[in-house]
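The next block is structure_34.txt, given as compact mmCIF, C-alpha atoms.
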# COMPACT_ATOMS: atom_id res chain seq x y z
CA MET A 1 61.56 124.83 84.99
CA TYR A 2 64.71 126.55 86.12
CA ARG A 3 65.12 130.20 86.97
CA ILE A 4 68.76 131.18 86.58
CA ASN A 5 69.57 134.80 85.81
CA ASP A 6 72.80 136.79 85.43
CA ASN A 7 73.14 137.50 89.15
CA LYS A 8 76.52 136.16 90.33
CA ARG A 9 75.08 134.67 93.54
CA VAL A 10 72.35 132.88 91.56
CA GLN A 11 74.95 131.60 89.08
CA HIS A 12 77.18 130.42 91.93
CA SER A 13 74.28 128.59 93.65
CA ALA A 14 73.27 127.00 90.34
CA ALA A 15 76.86 125.83 89.80
CA LEU A 16 77.00 124.31 93.30
CA ILE A 17 73.68 122.52 92.72
CA THR A 18 74.80 121.28 89.29
CA ASP A 19 78.13 120.03 90.62
CA ALA A 20 76.31 118.23 93.43
CA MET A 21 73.95 116.61 90.92
CA LEU A 22 76.89 115.44 88.79
CA ASN A 23 78.61 114.03 91.89
CA CYS A 24 75.40 112.23 92.88
CA LEU A 25 75.22 110.73 89.39
CA ASN A 26 78.61 109.10 90.02
CA GLU A 27 77.16 107.43 93.12
CA LYS A 28 73.66 106.34 92.14
CA PRO A 29 71.07 106.36 89.34
CA PHE A 30 69.27 109.62 88.62
CA GLU A 31 65.89 108.24 89.77
CA GLU A 32 67.30 107.73 93.27
CA ILE A 33 68.75 111.24 93.64
CA THR A 34 66.70 113.49 95.89
CA VAL A 35 66.69 117.22 96.46
CA SER A 36 68.04 116.43 99.95
CA ASP A 37 71.03 114.61 98.40
CA ILE A 38 71.79 117.60 96.19
CA GLN A 39 71.23 120.06 99.00
CA ARG A 40 73.50 118.13 101.37
CA LEU A 41 76.35 117.90 98.83
CA SER A 42 76.01 121.44 97.51
CA GLY A 43 75.66 123.20 100.84
CA VAL A 44 72.84 125.24 99.29
CA SER A 45 69.66 125.61 101.31
CA ARG A 46 66.50 123.82 100.30
CA ALA A 47 64.83 127.21 99.79
CA THR A 48 67.58 128.27 97.38
CA PHE A 49 67.23 125.00 95.46
CA TYR A 50 63.50 125.56 95.00
CA ARG A 51 63.99 129.22 94.16
CA LEU A 52 66.19 128.12 91.22
CA PHE A 53 64.73 124.71 90.23
CA ASP A 54 61.37 122.99 90.53
CA ASN A 55 62.86 119.48 90.73
CA THR A 56 65.93 117.36 90.02
CA SER A 57 65.03 117.01 86.33
CA ASP A 58 65.31 120.76 85.99
CA VAL A 59 68.93 120.51 87.12
CA LEU A 60 69.61 118.10 84.23
CA THR A 61 67.86 120.45 81.82
CA TYR A 62 69.85 123.44 83.06
CA TYR A 63 73.14 121.54 82.87
CA SER A 64 72.35 120.29 79.36
CA GLN A 65 71.62 123.81 78.16
CA PHE A 66 74.75 125.12 79.88
CA LEU A 67 76.93 122.30 78.49
CA VAL A 68 75.77 122.62 74.88
CA GLU A 69 75.98 126.41 75.01
CA ASP A 70 79.52 126.14 76.37
CA ILE A 71 80.47 123.68 73.60
CA MET A 72 79.07 126.02 70.96
CA ASN A 73 80.92 129.00 72.46
CA GLN A 74 84.18 127.05 72.61
CA SER A 75 83.83 125.93 68.99
CA THR A 76 83.31 129.56 67.96
CA ALA A 77 86.25 130.74 70.07
CA GLN A 78 88.46 128.08 68.47
CA SER A 79 87.23 129.12 65.01
CA ILE A 80 85.84 125.68 64.22
CA HIS A 81 83.79 126.24 61.10
CA ASN A 82 83.77 123.07 59.05
CA TYR A 83 81.20 120.37 59.72
CA LYS A 84 83.62 117.52 60.43
CA ASP A 85 85.76 119.44 62.91
CA PHE A 86 82.67 120.78 64.64
CA LEU A 87 81.08 117.33 65.01
CA LEU A 88 84.34 115.84 66.27
CA PHE A 89 84.60 118.66 68.80
CA LEU A 90 80.96 118.15 69.82
CA PHE A 91 81.34 114.38 70.18
CA GLU A 92 84.52 114.80 72.23
CA ALA A 93 82.86 117.24 74.61
CA LEU A 94 79.68 115.18 74.97
CA LEU A 95 81.55 111.93 75.46
CA ASP A 96 83.60 113.58 78.21
CA ASN A 97 80.24 114.08 79.95
CA HIS A 98 79.10 110.47 79.61
CA THR A 99 77.83 110.24 83.21
CA PHE A 100 75.44 113.08 82.50
CA LEU A 101 74.41 111.54 79.15
CA GLU A 102 73.76 108.18 80.80
CA ALA A 103 71.54 109.81 83.42
CA VAL A 104 69.54 111.65 80.78
CA PHE A 105 69.03 108.58 78.59
CA LYS A 106 68.33 106.19 81.48
CA SER A 107 65.68 108.56 82.82
CA GLY A 108 64.02 108.64 79.39
CA SER A 109 64.65 112.35 79.10
CA GLU A 110 66.67 112.52 75.91
CA GLU A 111 64.50 115.42 74.75
CA ILE A 112 66.60 117.45 77.21
CA ILE A 113 69.68 116.92 75.01
CA MET A 114 67.68 117.31 71.81
CA ASN A 115 66.20 120.64 72.93
CA SER A 116 69.59 121.95 74.06
CA LEU A 117 71.17 121.00 70.74
CA LEU A 118 68.28 122.49 68.78
CA SER A 119 68.12 125.81 70.61
CA ASN A 120 71.88 126.34 70.52
CA SER A 121 72.18 125.22 66.89
CA MET A 122 69.39 127.59 65.87
CA GLN A 123 71.05 130.45 67.75
CA LYS A 124 74.39 129.71 66.10
CA HIS A 125 72.69 129.42 62.70
CA ASN A 126 70.86 132.71 63.18
CA THR A 127 74.16 134.50 63.76
CA GLN A 128 75.68 133.14 60.54
CA SER A 129 74.75 133.74 56.93
CA GLN A 130 72.55 131.27 55.07
CA LEU A 131 74.77 130.13 52.24
CA TYR A 132 73.15 126.91 51.15
CA ALA A 133 69.51 126.84 52.20
CA ASN A 134 66.50 128.95 53.04
CA GLU A 135 65.16 129.22 56.60
CA LYS A 136 62.74 126.28 56.29
CA GLU A 137 65.40 124.01 54.79
CA MET A 138 67.80 125.01 57.58
CA ASP A 139 65.14 124.05 60.15
CA TYR A 140 64.90 120.60 58.55
CA LEU A 141 68.67 120.23 58.37
CA ILE A 142 69.32 121.32 61.94
CA SER A 143 66.45 119.25 63.35
CA GLY A 144 67.48 116.16 61.42
CA THR A 145 71.12 116.51 62.38
CA CYS A 146 70.30 117.02 66.06
CA GLY A 147 67.99 113.99 66.04
CA PHE A 148 70.69 111.95 64.33
CA LEU A 149 73.23 113.05 66.95
CA VAL A 150 70.94 112.08 69.81
CA GLY A 151 70.37 108.68 68.19
CA ILE A 152 74.12 108.15 67.76
CA LEU A 153 74.70 109.01 71.43
CA ARG A 154 71.92 106.63 72.52
CA VAL A 155 73.46 103.74 70.60
CA TRP A 156 76.97 104.63 71.81
CA LEU A 157 75.77 104.35 75.42
CA LYS A 158 73.78 101.18 74.70
CA HIS A 159 76.84 99.42 73.28
CA GLY A 160 79.21 100.28 76.08
CA LYS A 161 80.79 103.61 75.02
CA GLN A 162 83.47 101.92 72.93
CA GLU A 163 83.81 104.23 69.92
CA THR A 164 86.00 107.31 69.77
CA PRO A 165 84.65 110.63 68.47
CA GLU A 166 86.36 109.89 65.13
CA GLU A 167 84.68 106.50 64.89
CA LEU A 168 81.30 108.02 65.76
CA PHE A 169 81.76 110.66 63.08
CA ASP A 170 82.63 107.95 60.52
CA ILE A 171 79.59 105.91 61.54
CA MET A 172 77.36 108.98 61.29
CA MET A 173 78.64 109.83 57.81
CA ARG A 174 78.29 106.22 56.58
CA MET A 175 74.75 106.00 57.94
CA ALA A 176 73.83 109.38 56.41
CA GLY A 177 75.12 108.04 53.08
CA VAL A 178 73.10 104.84 53.44
CA VAL A 179 69.95 106.82 54.28
CA SER A 180 70.32 109.21 51.36
CA GLN A 181 71.21 106.40 48.95
CA ASN A 182 68.20 104.31 50.00
CA LEU A 183 65.82 107.26 49.81
CA PHE A 184 66.58 107.81 46.17
CA GLN A 185 66.68 104.22 44.93
CA LYS A 186 63.85 103.19 42.66
Encoding of this model in structure tokens:
Amino acid sequence: MYRINDNKRVQHSAALITDAMLNCLNEKPFEEITVSDIQRLSGVSRATFYRLFDNTSDVLTYYSQFLVEDIMNQSTAQSIHNYKDFLLFLFEALLDNHTFLEAVFKSGSEEIIMNSLLSNSMQKHNTQSQLYANEKEMDYLISGTCGFLVGILRVWLKHGKQETPEELFDIMMRMAGVVSQNLFQK
């Protein structure tokens, strides 16, 4: 668990720790990164690390939450409201953070991304009107879409990160069409 509050010093220390983690990920696999590695690179004391995070996985969780929240805020600030533009924006931002994504997936912790997407999507949904579905249907839609996104990202990494955000969006839409078509065939 991480314990980051609105205090500027806490935020600054968390940013130093996160940056150190991301730099470590460029050098070695996540499983080999130690608190000492992060502490050495960040310049933050060991006591400060443990005051903010329980372990290195918590740093990934914090960064995931921070990243997805930042993406959501940017999409709102840029007035991105339609589904296609939002997904393209999301894919672009996530693909720019491929080192982080690789670490999460290689460590078998993809629920970190899923939970970040879910919590931020639900928050965004709760601030907007429900035009097309009731609350339960929105839960299904958001959960299914987030799971689909995580699956798309997993396969993108598995196959060498070759597709652009536009190609990933097209793949996602084609696969959604195939799924819905096959569900309703007799």
Would you tabulate, counting all atoms listed in the file, all residues of region 70-98 of chain A that have an atom at most 9 Å from an atom of region 150-173 of chain A, showing the closest pair of atoms and their distance in Å to one decimal, sorted by chain then ascending number, as a tab-separated table?
residue	atom	partner	partner_atom	distance
A:Lys84	CA	A:Phe169	CA	7.6
A:Leu87	CA	A:Phe169	CA	7.0
A:Leu88	CA	A:Pro165	CA	5.7
A:Phe89	CA	A:Pro165	CA	8.0
A:Leu90	CA	A:Pro165	CA	8.5
A:Phe91	CA	A:Pro165	CA	5.3
A:Glu92	CA	A:Pro165	CA	5.6
A:Leu94	CA	A:Leu153	CA	8.7
A:Leu95	CA	A:Pro165	CA	7.8
A:His98	CA	A:Leu157	CA	8.1
Subject >> CA of Ser42 (chain A) to CA of Val59 (chain A), distance in Å rounded to a single decimal >> reply: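 Atom-to-atom, CA of Ser42 (chain A) and CA of Val59 (chain A) are spaced 12.6 Å apart.
Taking CA of Thr56 (chain A) as the reference point, CA of Val35 (chain A) is found at 6.5 Å.
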**OP:** Find the residues around Leu52 (chain A) up to 7 Å (only C-alpha atoms counted), leave out those fewer than 2 positions away in its own chain, and share them as a list in words.
**Re:** Tyr2, Arg3, Ile4, Thr48, Phe49 and Tyr50 of chain A
For the residues in that selection, give me C-alpha atoms as an mmCIF file, keeping the file's coordinate frame.
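Written output follows (part-v3.cif):
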data_model
loop_
_atom_site.group_PDB
_atom_site.id
_atom_site.type_symbol
_atom_site.label_atom_id
_atom_site.label_comp_id
_atom_site.auth_asym_id
_atom_site.auth_seq_id
_atom_site.Cartn_x
_atom_site.Cartn_y
_atom_site.Cartn_z
ATOM 1 C CA TYR A 2 64.710 126.550 86.120
ATOM 2 C CA ARG A 3 65.120 130.200 86.970
ATOM 3 C CA ILE A 4 68.760 131.180 86.580
ATOM 4 C CA THR A 48 67.580 128.270 97.380
ATOM 5 C CA PHE A 49 67.230 125.000 95.460
ATOM 6 C CA TYR A 50 63.500 125.560 95.000
#
Region 53-115 of chain A near region 11-25 of chain A within 7 Å: what's each residue's closest atom pair and its distance in Å to one decimal, counting only C-alpha atoms, ordered by chain then ascending residue number, as a Markdown table?
| residue | atom | partner | partner_atom | distance |
| --- | --- | --- | --- | --- |
| A:Val59 | CA | A:Thr18 | CA | 6.3 |
| A:Tyr63 | CA | A:Thr18 | CA | 6.6 |
| A:Thr99 | CA | A:Leu25 | CA | 6.7 |
| A:Phe100 | CA | A:Leu22 | CA | 6.9 |
For the selection you just gave me, I'd like the residues written to a file as a PDB file, in the coordinates of the input, keeping C-alpha atoms.
ATOM      1  CA  VAL A  59      68.930 120.510  87.120  1.00  0.00           C
ATOM      2  CA  TYR A  63      73.140 121.540  82.870  1.00  0.00           C
ATOM      3  CA  THR A  99      77.830 110.240  83.210  1.00  0.00           C
ATOM      4  CA  PHE A 100      75.440 113.080  82.500  1.00  0.00           C
TER       5      PHE A 100
END
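Proximity of A:Leu60, A:Val10, A:Thr34, A:Asp85 to Ser107 (chain A), computed with all atoms listed in the file, is greatest for A:Leu60.
Reported to one decimal place, the separation of CA of Asn7 (chain A) from CA of Arg51 (chain A) is 13.3 Å.
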Original post:
Which residue out of A:Phe66, A:Phe105, A:Phe53, A:Tyr83 has the minimum interatomic distance to Phe30 (chain A) when all atoms listed in the file are used?
Top reply: A:Phe105
